[in-house]
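Novice: What follows is a single structure, and I will ask about it in a moment.
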2 protein chains.
Amino acid sequence: MRKAAVKNAFYAQSGGVSAVINASACGVIETAQRSRQIGKVYAGRDGIVGALTEDLIDIGRESATTIRALKHTPAGAFGSARFKLKGIEQNRSEYQRLIEVFQAHDIGYFFYNGGNDSMDTALKVSQLGASLGFPITCVGVPKTVDNDLPYTDCCPGFGSVAKYVAVSTREAALDVASMARTSTRVFVFEVMGRHAGWIAAAAGLAGRSPAQAPHLILFPEVPFEQQKFLDRVRASVEDCGYCVIVVSEGAAYADGRFLADAGTRDAFGHTQLGGVGPMIANMVREAHGYKYHWAVADYLQRSARHIASRVDVEQAYAVGKAAVELAVKGVNAVMPTIVRRAHRPYRWTIGHVPLSEVANKEKKLPPEYIRADGFGITAACRRYLEPLVSGEAYPPYKNGLPDYVQIRGVSVRRKLKTEFRI
Amino acid sequence: MRKAAVKNAFYAQSGGVSAVINASACGVIETAQRSRQIGKVYAGRDGIVGALTEDLIDIGRESATTIRALKHTPAGAFGSARFKLKGIEQNRSEYQRLIEVFQAHDIGYFFYNGGNDSMDTALKVSQLGASLGFPITCVGVPKTVDNDLPYTDCCPGFGSVAKYVAVSTREAALDVASMARTSTRVFVFEVMGRHAGWIAAAAGLAGRSPAQAPHLILFPEVPFEQQKFLDRVRASVEDCGYCVIVVSEGAAYADGRFLADAGTRDAFGHTQLGGVGPMIANMVREAHGYKYHWAVADYLQRSARHIASRVDVEQAYAVGKAAVELAVKGVNAVMPTIVRRAHRPYRWTIGHVPLSEVANKEKKLPPEYIRADGFGITAACRRYLEPLVSGEAYPPYKNGLPDYVQIRGVSVRRKLKTEFRI
């Protein structure tokens with residue numbers, strides 16, 4: 001048996017970052033550096049943009065300590081990008097450029113760490129590489145806080161945002177409960193998830209029983225009915241003294257319009273400031289006159305490595321490691337998946353799925369996870385979610401703050417004469 | 001020497017709650033229960049409202065484990081109240097009612113856990129008690145996330161919100177830095193502090209040097225100048241690729257108008273939705289067109305026990321304990337204070353100050369803590385703040401979430417025939 005030639009590896013981060021995408025990077029890099037089939041390991045500076053512009057980071061110039069510290073450092077240490085390659089028909093030149101750069105740097109392995117769009121890109125690179133006579137092994141590394149990739153039980157990044165949202169909801173609910181007699185009665189917490197309600201569902205873990213906060217969750221999957229909602233808010237305030245509402249940024253009316261795009265504009269015709277959180281809070285005040293507070297966590301929720309789920313960190317590392325192991329075995333155009341073996345005690349293993357299956361598909365919250373009244377989660381949903389937020393994985397602290405690492409980011413010397421403008 | 005008669009003690013939480021006000025409750029209760037001069041320990045349900053309505057919680061019916069768990073449980077376990085007693089001249093009946101309830105339940109010690117207003121109430125109760133022939137020992141227990149009480153080096157509650165804000169700023173800044181090349185360039189984070197910029201200042205700890213995020217902090221103490229601000233945002237984006245802005249809810253123009261009250265109203269004449277965070281983000285977009293994100297932490301920041309400062313938890317407990325020790329020694333109408341002995345290594349002790357000194361006064365961020373350009377903190381400010389966020393004090397977890405305690409809250413049997421309506 002002839003040994004495969006040693007090739008270099010390229011890793012890039014794609015799309016919105018998470019608290020654990022660097023843990024996946026750590027899994028890819030540590031595994032690749034131990035592999036005899038992989039020579040140098042490069043990363044794209046600012047994701048795929050770094051590949052197109054031949055702006056590669058030489059990971060060999062980072063210390064083992066730095067690479068290890070990625071496991072406890074949030075966001076994209078190498079830079080990520082919101083940059084979707086167009087279809088091959090529309091812009092073949094982008095794919096050709098990628099292959100050109102990979103060829104110039106003897107890159108035979110392409111690890112792309114992202115969500116649905118990114119899996120599509122990885123698939124196209126694998127196909128075009130072959131057709132241009134430069135076969136490259138492309139493996140996707142799943143990452144999305146939205147938890148909407150199909151075929152995998154969950155997505156690295158989700159467990160930590162879920163934990164952040166559940167913890168924050170439990171804490172803020174205690175605050176509101178303390179104040180409700182003479183002050184705030186309604187608290188609205190806006191969370192991410194434009195198309196799928198997974199993150200909003202995680203807030204449901206905050207209550208130990210349905211009577212506990214959050215009293216109402218507004219999911220993108222459930223069309224918003226204003227009067228029904230307002231009636232439930234009043235009932236909650238009358239029964240419990242207060243009402244905690246968690247709203248997904250993707251909450252929408254039956255006709256598909258986002259609540260946040262309610263058509264209200266300021267004097268200059270600009271779209272109304274603020275998201276769906278303040279909009280819902282105001283709606284409640286106008287109807288019932290209750291004193292309210294609202295919070296919008298935005299980037300705080302997806303970068304909150306300080307309260308990451310240990311299971312999530314372990315899974316993020318594991319999919320990175322598995323991606324390399326699959327690639328060096330010659331398994332091409334796949335994405336590692338998380339396979340659930342048991343709920344409690346929770347057991348999971350790593351599987352994989354062809355990129356062609358997973359690309360551009362979206363997994364929404366299934367109806368059996370949403371309570372019959374549409375405003376909460378079911379026991380089945382709780383059983384699914386609980387293992388994903390379990391365990392803590394605290395970062396080290398220095399002077400009272402998490403000691404996150406920064407890479408040196410030494411550039412690889414350019415080999416191509418041509419420039420590429422993005 | 002004749003021993004002082006044994007009297008019961010009353011404890012109440014007042015005003016906005018914090019991540020560590022229950023740690024102060026724990027300090028008061030554990031110390032009072034060990035004292036031979038104190039009989040029963042009662043708490044007001046929903047703060048002073050519970051005293052006025054004779055709705056007392058019998059703390060003797062709570063287990064020692066529950067009381068201990070208060071140390072790691074955020075918000076007001078006994079209920080707090082935004083209820084300021086009027087001046088004695090305007091509403092003598094409220095004070096008389098308090099004395100009546102205290103007399104009925106043989107209460108000789110009054111511990112009031114709150115901020116500036118609450119210290120004023122405690123003072124008045126001590127004065128009126130004496131003049132009505134029912135002397136009662138009144139000791140204030142300092143609490144405010146705003147850190148604006150005078151005479152104490154810092155206020156329990158502040159260290160934990162400071163840590164939350166500094167950690168969140170550091171994390172979100174890494175997120176923005178990852179995305180800036182192709183997506184979000186400006187991130188605005190709104191924090192609490194309506195009159196004093198202490199909380200906003202804490203965000204300054206996130207950067208290890210002035211070049212690091214947050215690039216701009218907007219303090220209530222520095223009048224907002226729009227053009228100067230916008231120029232600095234542009235410079236930051238051009239120099240660093242992105243700009244992280246932390247804005248205090250109390251940021252204001254030179255004439256005292258809050259930025260959040262910019263006069264914009266919707267079609268119905270209602271004040272514009274959203275706070276100063278989205279308002280600033282929109283201002284930047286209109287001027288420069290940068291893609292932005294914004295977050296408003298609201299109650300999340302002050303209830304975030306999961307990321308509490310260990311120093312803050314210890315100080316919160318210590319002031320509760322000291323309040324009881326002072327009271328049983330017969331020291332009346334005082335508030336324990338935190339006295340800083342050394343910056344690094346940080347050393348502190350407990351002192352005390354007369355309530356008459358501290359009542360209704362406000363401590364703002366001093367000019368020497370604000371950078372000359374008005375947009376950041378000085379080294380002196382960092383030296384002051386760093387010890388206050390130091391150390392972690394993680395709560396226990398169960399099923400992936402903090403295991404916060406709930407009191408039984410058994411009521412004390414009423415003794416008065418009269419009702420009191422608040």
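How things are named: the first chain in the structure tokens is A, the next is B, and so on; residues count from 1 in each chain; ligands count from 1 in the order shown.
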Compute the chain B side of the contact with chain A at 6 Å, counting only C-alpha atoms, and hand it back as a list in words.

Specialist: Ala75, Gly76, Gly79, Ser80, Ala81, Arg82, Glu171, Ala172, Leu174, Asp175, Ser178, Met179, Thr182, Gly274, Pro278, Ala295, Val296, Ala297, Asp298, Tyr299, Leu300, Ser303, Val389, Ser390, Gly391, Asn399 and Gly400 of chain B

Novice: Save the residues we just selected, N, CA and C atoms, as a short mmCIF file (atom, residue, chain, number, x, y, z; two decimals), in the first residue's frame?

Specialist:
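Output saved as out.cif:
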data_model
loop_
_atom_site.label_atom_id
_atom_site.label_comp_id
_atom_site.auth_asym_id
_atom_site.auth_seq_id
_atom_site.Cartn_x
_atom_site.Cartn_y
_atom_site.Cartn_z
N ALA B 75 -30.80 38.55 43.68
CA ALA B 75 -32.08 39.27 43.84
C ALA B 75 -32.54 39.25 45.30
N GLY B 76 -33.75 39.70 45.55
CA GLY B 76 -34.21 39.86 46.94
C GLY B 76 -35.09 38.70 47.36
N GLY B 79 -38.20 39.72 49.00
CA GLY B 79 -38.94 40.76 48.29
C GLY B 79 -38.41 42.12 48.69
N SER B 80 -38.25 42.99 47.70
CA SER B 80 -37.79 44.35 47.96
C SER B 80 -38.93 45.30 47.59
N ALA B 81 -38.69 46.59 47.74
CA ALA B 81 -39.74 47.54 47.37
C ALA B 81 -39.12 48.86 46.93
N ARG B 82 -39.71 49.43 45.91
CA ARG B 82 -39.42 50.82 45.57
C ARG B 82 -40.50 51.63 46.27
N GLU B 171 -15.89 39.94 26.10
CA GLU B 171 -16.37 38.86 25.24
C GLU B 171 -17.00 39.40 23.95
N ALA B 172 -17.89 40.38 24.10
CA ALA B 172 -18.56 40.91 22.91
C ALA B 172 -17.55 41.59 21.98
N LEU B 174 -14.50 40.67 21.43
CA LEU B 174 -13.85 39.62 20.64
C LEU B 174 -14.75 39.20 19.49
N ASP B 175 -16.05 39.15 19.76
CA ASP B 175 -17.02 38.78 18.73
C ASP B 175 -16.98 39.81 17.59
N SER B 178 -13.97 39.65 15.43
CA SER B 178 -13.99 38.51 14.51
C SER B 178 -14.74 38.82 13.22
N MET B 179 -15.77 39.65 13.35
CA MET B 179 -16.72 39.84 12.25
C MET B 179 -16.46 41.10 11.44
N THR B 182 -16.07 41.84 7.33
CA THR B 182 -17.17 41.76 6.35
C THR B 182 -18.54 42.05 6.94
N GLY B 274 -37.03 51.87 23.11
CA GLY B 274 -35.60 51.62 23.14
C GLY B 274 -34.89 52.62 23.99
N PRO B 278 -29.63 51.61 21.54
CA PRO B 278 -30.05 51.64 20.14
C PRO B 278 -30.03 53.05 19.56
N ALA B 295 -26.58 45.95 22.43
CA ALA B 295 -27.11 45.11 23.51
C ALA B 295 -27.50 46.00 24.69
N VAL B 296 -28.55 45.60 25.37
CA VAL B 296 -28.98 46.29 26.60
C VAL B 296 -29.13 45.20 27.67
N ALA B 297 -28.25 45.23 28.68
CA ALA B 297 -28.24 44.12 29.64
C ALA B 297 -29.34 44.26 30.69
N ASP B 298 -29.69 45.48 31.02
CA ASP B 298 -30.78 45.74 31.97
C ASP B 298 -30.63 44.84 33.21
N TYR B 299 -31.71 44.20 33.64
CA TYR B 299 -31.69 43.39 34.87
C TYR B 299 -30.64 42.26 34.84
N LEU B 300 -30.28 41.82 33.63
CA LEU B 300 -29.29 40.74 33.55
C LEU B 300 -28.02 41.11 34.31
N SER B 303 -28.42 41.02 38.29
CA SER B 303 -28.82 39.74 38.90
C SER B 303 -27.84 38.61 38.58
N VAL B 389 -13.52 43.60 41.39
CA VAL B 389 -14.04 42.53 40.53
C VAL B 389 -13.26 41.23 40.73
N SER B 390 -12.37 41.22 41.70
CA SER B 390 -11.45 40.07 41.75
C SER B 390 -12.03 38.87 42.49
N GLY B 391 -11.66 37.73 41.98
CA GLY B 391 -12.11 36.46 42.54
C GLY B 391 -13.46 36.05 42.00
N ASN B 399 -28.44 20.21 37.13
CA ASN B 399 -28.96 20.07 35.75
C ASN B 399 -28.51 21.21 34.85
N GLY B 400 -27.29 21.68 35.05
CA GLY B 400 -26.74 22.69 34.15
C GLY B 400 -27.08 24.12 34.51
#

Novice: Identify, with DSSP run on backbone atoms, the residues in region 80-152 of chain B assigned to helix (DSSP H, G or I), and express the list as a PyMOL selection string.

Specialist: chain B and resi 92-104+116-131

Novice: Mind dumping the selected residues with N, CA and C atoms as a CSV table (one decimal), in the first residue's frame?

Specialist:
chain,number,residue,atom,x,y,z
B,92,ARG,N,-46.6,61.6,58.9
B,92,ARG,CA,-46.1,61.0,60.2
B,92,ARG,C,-46.8,59.7,60.4
B,93,SER,N,-47.9,59.4,59.8
B,93,SER,CA,-48.6,58.2,60.1
B,93,SER,C,-47.9,56.9,59.7
B,94,GLU,N,-47.1,57.0,58.6
B,94,GLU,CA,-46.3,55.9,58.1
B,94,GLU,C,-45.3,55.5,59.2
B,95,TYR,N,-44.6,56.5,59.7
B,95,TYR,CA,-43.6,56.2,60.7
B,95,TYR,C,-44.2,55.7,62.0
B,96,GLN,N,-45.3,56.3,62.4
B,96,GLN,CA,-46.0,55.8,63.6
B,96,GLN,C,-46.5,54.4,63.4
B,97,ARG,N,-46.9,54.1,62.2
B,97,ARG,CA,-47.3,52.7,61.9
B,97,ARG,C,-46.1,51.7,62.1
B,98,LEU,N,-45.0,52.1,61.5
B,98,LEU,CA,-43.8,51.3,61.7
B,98,LEU,C,-43.5,51.0,63.1
B,99,ILE,N,-43.5,52.1,63.9
B,99,ILE,CA,-43.2,51.9,65.3
B,99,ILE,C,-44.2,51.0,66.0
B,100,GLU,N,-45.5,51.2,65.6
B,100,GLU,CA,-46.6,50.4,66.2
B,100,GLU,C,-46.3,48.9,65.9
B,101,VAL,N,-46.0,48.6,64.6
B,101,VAL,CA,-45.7,47.2,64.3
B,101,VAL,C,-44.5,46.7,65.0
B,102,PHE,N,-43.5,47.5,65.1
B,102,PHE,CA,-42.3,47.0,65.8
B,102,PHE,C,-42.6,46.8,67.3
B,103,GLN,N,-43.4,47.7,67.9
B,103,GLN,CA,-43.7,47.5,69.3
B,103,GLN,C,-44.6,46.2,69.5
B,104,ALA,N,-45.5,46.0,68.6
B,104,ALA,CA,-46.4,44.8,68.7
B,104,ALA,C,-45.5,43.5,68.6
B,116,ASN,N,-29.2,55.1,49.1
B,116,ASN,CA,-29.3,56.5,49.7
B,116,ASN,C,-30.6,56.7,50.4
B,117,ASP,N,-31.7,56.5,49.7
B,117,ASP,CA,-33.0,56.8,50.2
B,117,ASP,C,-33.3,56.0,51.5
B,118,SER,N,-32.8,54.7,51.4
B,118,SER,CA,-33.1,53.8,52.5
B,118,SER,C,-32.4,54.2,53.8
B,119,MET,N,-31.2,54.8,53.6
B,119,MET,CA,-30.4,55.2,54.8
B,119,MET,C,-31.2,56.4,55.4
B,120,ASP,N,-31.8,57.2,54.6
B,120,ASP,CA,-32.6,58.3,55.1
B,120,ASP,C,-33.8,57.8,55.9
B,121,THR,N,-34.5,56.7,55.4
B,121,THR,CA,-35.6,56.1,56.1
B,121,THR,C,-35.2,55.6,57.5
B,122,ALA,N,-34.1,54.8,57.4
B,122,ALA,CA,-33.6,54.2,58.7
B,122,ALA,C,-33.3,55.3,59.7
B,123,LEU,N,-32.7,56.4,59.3
B,123,LEU,CA,-32.4,57.5,60.2
B,123,LEU,C,-33.7,58.1,60.8
B,124,LYS,N,-34.7,58.3,60.0
B,124,LYS,CA,-36.0,58.8,60.5
B,124,LYS,C,-36.6,57.9,61.5
B,125,VAL,N,-36.6,56.6,61.2
B,125,VAL,CA,-37.2,55.6,62.1
B,125,VAL,C,-36.5,55.7,63.4
B,126,SER,N,-35.2,55.8,63.4
B,126,SER,CA,-34.4,55.9,64.7
B,126,SER,C,-34.8,57.1,65.5
B,127,GLN,N,-35.0,58.2,64.8
B,127,GLN,CA,-35.3,59.5,65.5
B,127,GLN,C,-36.7,59.4,66.0
B,128,LEU,N,-37.7,59.0,65.2
B,128,LEU,CA,-39.1,59.0,65.6
B,128,LEU,C,-39.3,57.9,66.7
B,129,GLY,N,-38.6,56.8,66.6
B,129,GLY,CA,-38.8,55.8,67.7
B,129,GLY,C,-38.5,56.4,69.0
B,130,ALA,N,-37.4,57.1,69.1
B,130,ALA,CA,-37.0,57.7,70.4
B,130,ALA,C,-38.0,58.7,70.8
B,131,SER,N,-38.5,59.6,69.9
B,131,SER,CA,-39.4,60.6,70.3
B,131,SER,C,-40.8,60.1,70.7

Novice: Restricting the calculation to only C-alpha atoms, which member of A:Asp312, A:Glu30, A:Glu368, A:Glu325 is positioned closest to Cys155 (chain A)?

Specialist: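 Among the listed residues, A:Asp312 lies closest to Cys155 (chain A).
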
Novice: Give me every strand (DSSP E or B) residue in region 161-279 of chain A, going by DSSP on the backbone, as a list of chain:residue names.

Specialist: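 The strand (DSSP E or B) subset of region 161-279 of chain A is A:Val186, A:Phe187, A:Val188, A:Phe189, A:Glu190, A:Val191, A:Leu216, A:Ile217, A:Leu218, A:Cys243, A:Val244, A:Ile245, A:Val246, A:Val247, A:Ser248, A:Ala252, A:Phe258, A:Arg265, A:Thr271.
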
Novice: What is the CA of Val28 (chain A) to CA of Val324 (chain A) distance in Å?

Specialist: 6.0 Å

Novice: For CA of Lys321 (chain B) and CA of Thr31 (chain B), quote the distance in Å rounded to one decimal.

Specialist: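 Taking CA of Lys321 (chain B) as the start and CA of Thr31 (chain B) as the end point, the length is 5.6 Å.
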
Novice: Which one of B:Ile217, B:Ala323, B:Ala316, B:Val222 sits closest to Gly157 (chain B) if you count only C-alpha atoms?

Specialist: B:Ala316

Novice: Skip Gly351 (chain B) itself and residues of its chain fewer than 6 positions away, then list as a ChimeraX atom specification all residues within 8 Å of it, counting only C-alpha atoms.

Specialist: /B:336-339

Novice: Would you mind telling me which residue in B:Lys143, B:His215, B:Lys291, B:Lys84 lies nearest to Asn113 (chain B) when using only C-alpha atoms?

Specialist: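 Among the listed residues, the smallest separation from Asn113 (chain B) belongs to B:Lys143.
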
Novice: Just how far from CA of His195 (chain A) is CA of Arg382 (chain A), in Å to one decimal?

Specialist: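 Here the two named atoms are 20.2 Å from each other.
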
Novice: Quick one: residues within 10 Å of Leu365 (chain B), only C-alpha atoms, excluding same-chain residues fewer than 5 positions away - as a ChimeraX atom specification?

Specialist: /B:147-148,195-199,201,219-221,370,381

Novice: Output N, CA and C atoms of each residue in that selection to a file, as an mmCIF file, in the first residue's frame.

Specialist:
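Generated file (selection-v1.cif):
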data_model
loop_
_atom_site.group_PDB
_atom_site.id
_atom_site.type_symbol
_atom_site.label_atom_id
_atom_site.label_comp_id
_atom_site.auth_asym_id
_atom_site.auth_seq_id
_atom_site.Cartn_x
_atom_site.Cartn_y
_atom_site.Cartn_z
ATOM 1 N N ASN B 147 -22.993 52.116 43.134
ATOM 2 C CA ASN B 147 -21.743 52.475 43.825
ATOM 3 C C ASN B 147 -21.689 53.950 44.218
ATOM 4 N N ASP B 148 -22.842 54.552 44.482
ATOM 5 C CA ASP B 148 -22.857 56.003 44.678
ATOM 6 C C ASP B 148 -23.076 56.442 46.129
ATOM 7 N N HIS B 195 -27.217 58.167 37.277
ATOM 8 C CA HIS B 195 -26.628 59.442 37.702
ATOM 9 C C HIS B 195 -25.111 59.392 37.838
ATOM 10 N N ALA B 196 -24.556 58.180 38.009
ATOM 11 C CA ALA B 196 -23.110 58.068 38.203
ATOM 12 C C ALA B 196 -22.557 57.013 37.251
ATOM 13 N N GLY B 197 -21.335 57.251 36.778
ATOM 14 C CA GLY B 197 -20.767 56.420 35.721
ATOM 15 C C GLY B 197 -19.931 55.242 36.194
ATOM 16 N N TRP B 198 -20.109 54.829 37.436
ATOM 17 C CA TRP B 198 -19.259 53.744 37.958
ATOM 18 C C TRP B 198 -19.372 52.460 37.146
ATOM 19 N N ILE B 199 -20.598 52.085 36.793
ATOM 20 C CA ILE B 199 -20.782 50.818 36.065
ATOM 21 C C ILE B 199 -20.167 50.917 34.669
ATOM 22 N N ALA B 201 -17.752 52.794 33.832
ATOM 23 C CA ALA B 201 -16.299 52.803 34.022
ATOM 24 C C ALA B 201 -15.748 51.390 34.107
ATOM 25 N N PHE B 219 -20.006 58.519 29.683
ATOM 26 C CA PHE B 219 -20.344 58.641 31.110
ATOM 27 C C PHE B 219 -21.417 59.705 31.337
ATOM 28 N N PRO B 220 -22.224 59.536 32.379
ATOM 29 C CA PRO B 220 -23.172 60.611 32.736
ATOM 30 C C PRO B 220 -22.429 61.881 33.149
ATOM 31 N N GLU B 221 -21.207 61.713 33.654
ATOM 32 C CA GLU B 221 -20.457 62.862 34.167
ATOM 33 C C GLU B 221 -19.854 63.728 33.062
ATOM 34 N N ILE B 370 -11.586 59.815 35.075
ATOM 35 C CA ILE B 370 -12.025 59.902 33.679
ATOM 36 C C ILE B 370 -10.873 60.419 32.826
ATOM 37 N N CYS B 381 -8.347 54.996 38.071
ATOM 38 C CA CYS B 381 -9.656 54.359 38.096
ATOM 39 C C CYS B 381 -9.499 52.841 38.038
#
